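Here is start27.tsv, consisting of TSV, C-alpha atoms and all ligand atoms:
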chain	number	residue	atom	x	y	z
Q	1	MET	CA	-58.81	-23.37	102.04
Q	2	LYS	CA	-60.68	-23.49	98.74
Q	3	VAL	CA	-58.58	-22.41	95.77
Q	4	TYR	CA	-59.69	-22.03	92.17
Q	5	ALA	CA	-56.72	-22.97	90.04
Q	6	ASP	CA	-55.84	-23.53	86.39
Q	7	LEU	CA	-52.58	-25.47	86.48
Q	8	HIS	CA	-51.99	-25.90	82.76
Q	9	LEU	CA	-51.65	-22.83	80.54
Q	10	HIS	CA	-49.37	-21.94	77.63
Q	11	SER	CA	-47.91	-18.56	76.76
Q	12	CYS	CA	-46.44	-17.30	73.48
Q	13	LEU	CA	-43.20	-19.07	74.44
Q	14	SER	CA	-44.85	-22.32	73.32
Q	15	PRO	CA	-44.64	-22.45	69.51
Q	16	CYS	CA	-48.32	-23.45	69.43
Q	17	GLY	CA	-49.27	-20.68	71.90
Q	18	ASP	CA	-51.01	-17.61	70.44
Q	19	THR	CA	-49.01	-14.38	70.25
Q	20	ASP	CA	-51.74	-12.75	72.38
Q	21	MET	CA	-50.96	-15.23	75.19
Q	22	THR	CA	-48.42	-12.90	76.76
Q	23	PRO	CA	-47.68	-13.29	80.48
Q	24	TYR	CA	-49.43	-9.94	81.08
Q	25	ASN	CA	-52.56	-10.93	79.15
Q	26	LEU	CA	-52.98	-14.45	80.43
Q	27	VAL	CA	-52.45	-13.58	84.10
Q	28	ASN	CA	-54.95	-10.70	83.84
Q	29	MET	CA	-57.44	-12.95	82.02
Q	30	ALA	CA	-57.16	-15.56	84.80
Q	31	LYS	CA	-57.88	-12.86	87.37
Q	32	LEU	CA	-60.91	-11.66	85.39
Q	33	LEU	CA	-62.23	-15.23	85.16
Q	34	GLY	CA	-62.10	-15.54	88.93
Q	35	PHE	CA	-59.05	-17.76	89.52
Q	36	ASP	CA	-56.96	-17.54	92.70
Q	37	MET	CA	-54.00	-19.39	91.21
Q	38	ILE	CA	-52.56	-20.38	87.85
Q	39	ALA	CA	-49.49	-22.27	86.73
Q	40	LEU	CA	-47.71	-21.21	83.55
Q	41	THR	CA	-46.69	-24.46	81.86
Q	42	ASP	CA	-45.07	-23.87	78.49
Q	43	HIS	CA	-43.65	-26.83	76.60
Q	44	ASN	CA	-40.23	-27.81	78.02
Q	45	SER	CA	-39.41	-24.32	79.31
Q	46	CYS	CA	-39.97	-21.99	82.26
Q	47	ARG	CA	-38.54	-18.91	80.52
Q	48	ASN	CA	-41.78	-16.85	80.70
Q	49	CYS	CA	-42.52	-17.74	84.33
Q	50	LYS	CA	-40.58	-14.82	85.79
Q	51	SER	CA	-42.75	-12.24	83.98
Q	52	ALA	CA	-45.97	-14.10	84.79
Q	53	VAL	CA	-45.02	-14.24	88.50
Q	54	GLU	CA	-44.28	-10.51	88.37
Q	55	VAL	CA	-47.70	-9.72	86.82
Q	56	GLY	CA	-49.37	-12.00	89.36
Q	57	ARG	CA	-47.72	-10.17	92.24
Q	58	ALA	CA	-48.88	-6.82	90.86
Q	59	ILE	CA	-52.55	-7.85	90.55
Q	60	GLY	CA	-52.86	-10.31	93.44
Q	61	LEU	CA	-52.99	-13.69	91.69
Q	62	THR	CA	-50.77	-16.60	92.70
Q	63	VAL	CA	-48.66	-17.70	89.73
Q	64	VAL	CA	-46.86	-21.03	90.11
Q	65	PRO	CA	-43.79	-21.49	87.89
Q	66	GLY	CA	-44.26	-24.62	85.80
Q	67	MET	CA	-43.61	-26.53	82.60
Q	68	GLU	CA	-45.33	-29.13	80.45
Q	69	LEU	CA	-42.48	-31.56	79.94
Q	70	CYS	CA	-42.42	-33.90	76.95
Q	71	THR	CA	-40.69	-37.08	78.14
Q	72	ALA	CA	-38.49	-39.34	76.01
Q	73	GLU	CA	-41.59	-41.51	75.45
Q	74	GLU	CA	-43.50	-38.42	74.16
Q	75	ILE	CA	-45.72	-38.27	77.23
Q	76	HIS	CA	-46.75	-34.81	78.40
Q	77	CYS	CA	-46.45	-34.20	82.14
Q	78	VAL	CA	-47.15	-30.95	83.99
Q	79	CYS	CA	-44.35	-30.02	86.41
Q	80	LEU	CA	-44.82	-27.39	89.14
Q	81	LEU	CA	-41.87	-25.70	90.85
Q	82	PRO	CA	-41.75	-23.92	94.21
Q	83	ASP	CA	-40.06	-20.70	93.04
Q	84	LEU	CA	-38.31	-19.03	90.11
Q	85	LYS	CA	-34.85	-20.20	91.19
Q	86	ALA	CA	-35.94	-23.84	91.10
Q	87	ALA	CA	-37.85	-23.25	87.86
Q	88	ASP	CA	-34.80	-21.72	86.15
Q	89	ALA	CA	-32.57	-24.58	87.29
Q	90	PHE	CA	-35.10	-27.21	86.15
Q	91	SER	CA	-35.64	-25.39	82.85
Q	92	ASP	CA	-31.88	-25.32	82.19
Q	93	TYR	CA	-31.67	-29.04	83.04
Q	94	VAL	CA	-34.44	-29.86	80.54
Q	95	HIS	CA	-32.97	-27.61	77.82
Q	96	ASN	CA	-29.67	-29.48	78.16
Q	97	THR	CA	-31.47	-32.70	77.15
Q	98	MET	CA	-32.71	-31.14	73.89
Q	99	SER	CA	-30.95	-30.18	70.67
Q	100	ALA	CA	-33.42	-29.67	67.79
Q	101	PRO	CA	-33.58	-26.01	66.72
Q	102	ASN	CA	-36.90	-24.22	66.24
Q	103	ARG	CA	-37.92	-23.31	62.69
Q	104	PRO	CA	-40.30	-20.42	63.35
Q	105	GLU	CA	-41.63	-20.41	59.77
Q	106	ILE	CA	-42.95	-23.96	60.35
Q	107	PHE	CA	-43.55	-24.29	64.09
Q	108	GLY	CA	-44.16	-20.67	65.14
Q	109	GLU	CA	-42.29	-18.08	67.19
Q	110	GLN	CA	-41.19	-18.83	70.77
Q	111	SER	CA	-41.18	-15.42	72.46
Q	112	VAL	CA	-39.67	-14.67	75.86
Q	113	MET	CA	-41.55	-11.63	77.19
Q	114	ASP	CA	-41.15	-9.16	80.00
Q	115	ALA	CA	-44.06	-8.26	82.28
Q	116	THR	CA	-45.22	-5.41	80.04
Q	117	ASP	CA	-45.60	-7.22	76.71
Q	118	ASN	CA	-42.16	-6.59	75.25
Q	119	ILE	CA	-40.33	-9.43	73.51
Q	120	VAL	CA	-36.92	-9.69	75.20
Q	121	ASP	CA	-35.64	-12.86	73.51
Q	122	THR	CA	-36.65	-15.81	71.35
Q	123	GLU	CA	-35.95	-19.40	72.35
Q	124	PRO	CA	-33.76	-21.17	69.74
Q	125	LEU	CA	-34.53	-24.79	70.80
Q	126	LEU	CA	-37.71	-26.38	69.43
Q	127	LEU	CA	-39.67	-26.60	72.67
Q	128	THR	CA	-42.24	-29.13	71.48
Q	129	ALA	CA	-39.54	-31.73	70.80
Q	130	ALA	CA	-39.14	-34.58	73.29
Q	131	SER	CA	-36.57	-34.37	76.07
Q	132	THR	CA	-34.44	-37.41	76.90
Q	133	ILE	CA	-36.01	-37.66	80.38
Q	134	SER	CA	-37.92	-40.91	80.90
Q	135	VAL	CA	-41.34	-40.82	82.52
Q	136	ASP	CA	-39.99	-43.50	84.89
Q	137	ASP	CA	-37.53	-40.98	86.36
Q	138	LEU	CA	-39.73	-37.88	86.38
Q	139	VAL	CA	-41.35	-37.85	89.83
Q	140	PRO	CA	-38.06	-38.15	91.78
Q	141	LEU	CA	-36.39	-35.69	89.38
Q	142	VAL	CA	-39.03	-32.98	89.86
Q	143	LYS	CA	-39.08	-33.64	93.61
Q	144	SER	CA	-35.31	-33.06	93.71
Q	145	TYR	CA	-36.12	-29.48	92.61
Q	146	GLY	CA	-38.74	-29.19	95.37
Q	147	GLY	CA	-41.62	-29.59	92.92
Q	148	ALA	CA	-44.42	-31.93	91.91
Q	149	CYS	CA	-45.69	-33.35	88.62
Q	150	PHE	CA	-48.65	-35.15	87.12
Q	151	PRO	CA	-49.37	-36.75	83.75
Q	152	ALA	CA	-51.29	-34.32	81.51
Q	153	HIS	CA	-54.63	-34.78	79.72
Q	154	LEU	CA	-54.87	-38.53	80.33
Q	155	ASP	CA	-58.01	-38.77	78.18
Q	156	ARG	CA	-56.34	-37.39	75.04
Q	157	ALA	CA	-55.48	-39.66	72.13
Q	158	SER	CA	-51.96	-38.27	71.75
Q	159	TYR	CA	-49.08	-37.29	74.04
Q	160	SER	CA	-50.87	-38.69	77.08
Q	161	LEU	CA	-49.55	-41.41	79.37
Q	162	LEU	CA	-52.52	-43.69	78.67
Q	163	SER	CA	-52.31	-43.24	74.88
Q	164	VAL	CA	-48.58	-44.04	74.88
Q	165	LEU	CA	-48.19	-46.69	77.61
Q	166	GLY	CA	-51.77	-47.93	77.82
Q	167	PHE	CA	-51.82	-48.13	81.62
Q	168	LEU	CA	-50.49	-46.67	84.87
Q	169	TYR	CA	-48.13	-48.62	87.14
Q	170	PRO	CA	-47.08	-47.89	90.73
Q	171	GLU	CA	-43.36	-47.48	89.91
Q	172	LEU	CA	-44.21	-44.23	88.12
Q	173	GLN	CA	-44.96	-42.81	91.60
Q	174	PHE	CA	-47.60	-40.35	90.35
Q	175	THR	CA	-49.96	-39.18	93.09
Q	176	ALA	CA	-52.11	-36.97	90.86
Q	177	ALA	CA	-53.35	-36.98	87.27
Q	178	GLU	CA	-54.96	-34.51	84.89
Q	179	PHE	CA	-58.04	-35.00	82.73
Q	180	THR	CA	-59.62	-32.54	80.34
Q	181	HIS	CA	-62.96	-30.97	81.23
Q	182	LYS	CA	-64.61	-33.31	78.70
Q	183	ALA	CA	-63.50	-36.61	80.28
Q	184	PHE	CA	-66.08	-38.93	81.84
Q	185	LEU	CA	-64.16	-39.93	84.96
Q	186	PRO	CA	-66.00	-43.09	86.20
Q	187	GLN	CA	-64.97	-44.91	83.05
Q	188	TYR	CA	-61.27	-44.24	83.76
Q	189	LEU	CA	-61.50	-45.06	87.49
Q	190	GLU	CA	-63.06	-48.39	86.58
Q	191	LYS	CA	-60.40	-49.28	84.03
Q	192	HIS	CA	-57.38	-47.90	85.92
Q	193	PRO	CA	-57.80	-48.61	89.66
Q	194	LEU	CA	-54.58	-46.74	90.58
Q	195	LEU	CA	-56.41	-43.52	89.71
Q	196	ARG	CA	-58.79	-44.07	92.62
Q	197	ASP	CA	-56.01	-43.19	95.08
Q	198	MET	CA	-54.75	-40.24	93.06
Q	199	ARG	CA	-55.77	-36.60	93.13
Q	200	ILE	CA	-57.52	-35.66	89.90
Q	201	VAL	CA	-57.18	-32.18	88.46
Q	202	ARG	CA	-58.81	-30.64	85.43
Q	203	ASN	CA	-57.26	-27.69	83.66
Q	204	SER	CA	-57.82	-25.72	80.48
Q	205	ASP	CA	-54.49	-26.36	78.66
Q	206	ALA	CA	-55.34	-23.08	76.93
Q	207	HIS	CA	-53.08	-21.89	74.12
Q	208	TYR	CA	-55.39	-18.94	73.26
Q	209	LEU	CA	-57.00	-16.35	75.53
Q	210	GLU	CA	-60.44	-17.43	74.31
Q	211	ASN	CA	-59.75	-21.03	75.41
Q	212	MET	CA	-59.30	-19.98	79.04
Q	213	VAL	CA	-62.45	-21.05	80.89
Q	214	GLU	CA	-64.06	-20.05	84.16
Q	215	PRO	CA	-63.15	-22.05	87.27
Q	216	ALA	CA	-65.24	-25.15	87.89
Q	217	GLU	CA	-64.17	-27.12	90.98
Q	218	ALA	CA	-62.13	-25.63	93.83
Q	219	LEU	CA	-59.13	-27.51	95.25
Q	220	GLU	CA	-58.75	-27.83	99.02
Q	221	LEU	CA	-55.21	-26.58	99.67
Q	222	SER	CA	-53.28	-25.77	102.85
Q	223	ALA	CA	-52.38	-22.38	101.34
Q	224	CYS	CA	-52.83	-20.48	98.08
Q	225	THR	CA	-49.10	-20.69	97.35
Q	226	PRO	CA	-46.79	-22.74	95.11
Q	227	GLN	CA	-45.95	-24.92	98.13
Q	228	GLY	CA	-49.66	-25.39	98.85
Q	229	ILE	CA	-50.34	-26.84	95.40
Q	230	ILE	CA	-47.07	-28.83	95.32
Q	231	ASP	CA	-48.02	-30.53	98.60
Q	232	TYR	CA	-51.49	-31.26	97.22
Q	233	ILE	CA	-50.14	-32.83	94.02
Q	234	ASN	CA	-47.61	-34.83	96.06
Q	235	GLY	CA	-50.50	-36.26	98.09
Q	236	LEU	CA	-49.51	-34.55	101.35
Y	1	ZN	ZN	-49.97	-31.57	76.24
Y	2	ZN	ZN	-50.42	-28.19	77.29

Would you mind writing the structure in this file as C-alpha cells?
Amino acid sequence: MKVYADLHLHSCLSPCGDTDMTPYNLVNMAKLLGFDMIALTDHNSCRNCKSAVEVGRAIGLTVVPGMELCTAEEIHCVCLLPDLKAADAFSDYVHNTMSAPNRPEIFGEQSVMDATDNIVDTEPLLLTAASTISVDDLVPLVKSYGGACFPAHLDRASYSLLSVLGFLYPELQFTAAEFTHKAFLPQYLEKHPLLRDMRIVRNSDAHYLENMVEPAEALELSACTPQGIIDYINGL
C-alpha cells in the first residue's frame, strides 16, 4: 500500500526543537499536511514518543517511536522502533552511554510532554551530545530491539555519514539511507554505488512547525504500521 510518511521529526525534547513542537502540535500538523505516518525522532531519546503515539491514536495517524541517534563518530542515524516498550528500553540503553548534563541557558530546554501540551519533566542529559555507540555496531543493535535504522541526511556537510567517514562500506549493513529534499540523487548514486541497492527516503527533519512540509513521494509498504516501515527500511 502507498503510505505518505515523514520519518524524521523533532519535538521540544530536542534542545534545538521549538517549544511549539509539542507532540500534540506536530502530530496534528502532520495529519493536516496529509501524512499517513510519522516517526518522532528526537536526538538520543524516545521520551516524547509515548505522548505522540497517544495523539496519533486519537486522530488516526500512525506514529512510529523513533530516535535520531548521534554515534560515537558524531554521525546522525534515524532509528525506528516497533513499539513503546522497545523504544523505552532502547532509549534507556542510549541514555546510559551518555553523561554530559544539559545547560538549558545555552542549549535550550528539553521538555518531556504529555499528550495535552503539559510539561511533565525535563531531560537532564544533553541530548545532542554523542553516545558511545559506534556506527559499526548500530544496525545489529537496533535490530536486537526489533527496529531498523538508516544514516540521516547523507547530503549534509555535518553530522552525516558521508561528511564524517567519506564513504559507505558493506560492513555497516545499512539497507536504507536518508537524503534531504534538496539533494540531487544521481550524483550520489554515481559516486557511492552501494546506495543503488539501498532504499532511499527523504524526510523533513523539521525542528519547527513551519518546517514541516507536505508529503512528496509515497512509500510502498506492506502495512501502515511501525512493523511495515521497519520491514521496508530493513529491505524486506
Ligand atoms: Zn541530524
Ligand atoms: Zn534531525

Expected answer as an NGL selection string: residues within 12 Å of ligand ZN 2 (chain Y), only C-alpha atoms and all ligand atoms: :Q and (6-11 or 13-17 or 39-45 or 66-70 or 75-79 or 127-128 or 151-154 or 156 or 158-160 or 178-180 or 202-208 or 211)

One-decimal distance in Å that lies between CA of His95 in chain Q and CA of Leu162 in chain Q: 25.3 Å

Between CA of Pro226 in chain Q and CA of Val94 in chain Q, distance in Å (one decimal):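 Straight-line distance from CA of Pro226 in chain Q to CA of Val94 in chain Q works out to 20.4 Å.
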
Proximity to Arg57 in chain Q - best of Q:Met37, Q:Ala130, Q:Ala176, Q:Ala72, all atoms listed in the file: Q:Met37

Selection: 12 Å around Asp117 in chain Q, all atoms listed in the file, excl. self and same-chain fewer than 2 positions, as a ChimeraX atom specification: /Q:11-12,19-27,48,51-52,55,111-115,119-121

Minimum-distance residue to Ser91 in chain Q, chosen among Q:Ala183, Q:Cys49, Q:Cys149, Q:Leu221 (using only C-alpha atoms): Q:Cys49

Point-to-point distance from CA of Pro193 in chain Q to CA of Leu236 in chain Q, Å rounded to tenths: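 Separation of CA of Pro193 in chain Q and CA of Leu236 in chain Q: 20.1 Å.
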
Contact residues around Tyr188 in chain Q with all atoms listed in the file at 12 Å, ignoring same-chain residues under 2 positions, as a list in words: Leu154, Asp155, Leu162, Gly166, Phe167, Leu168, Ala177, Glu178, Phe179, Ala183, Phe184, Leu185, Pro186, Glu190, Lys191, His192, Pro193, Leu194, Leu195, Arg196 and Ile200 of chain Q

Sphere at (-49.0, -38.7, 100.4), radius 10 Å, counting only C-alpha atoms: residues as JSON, numbers by chain: {"Q": [175, 197, 198, 231, 232, 233, 234, 235, 236]}
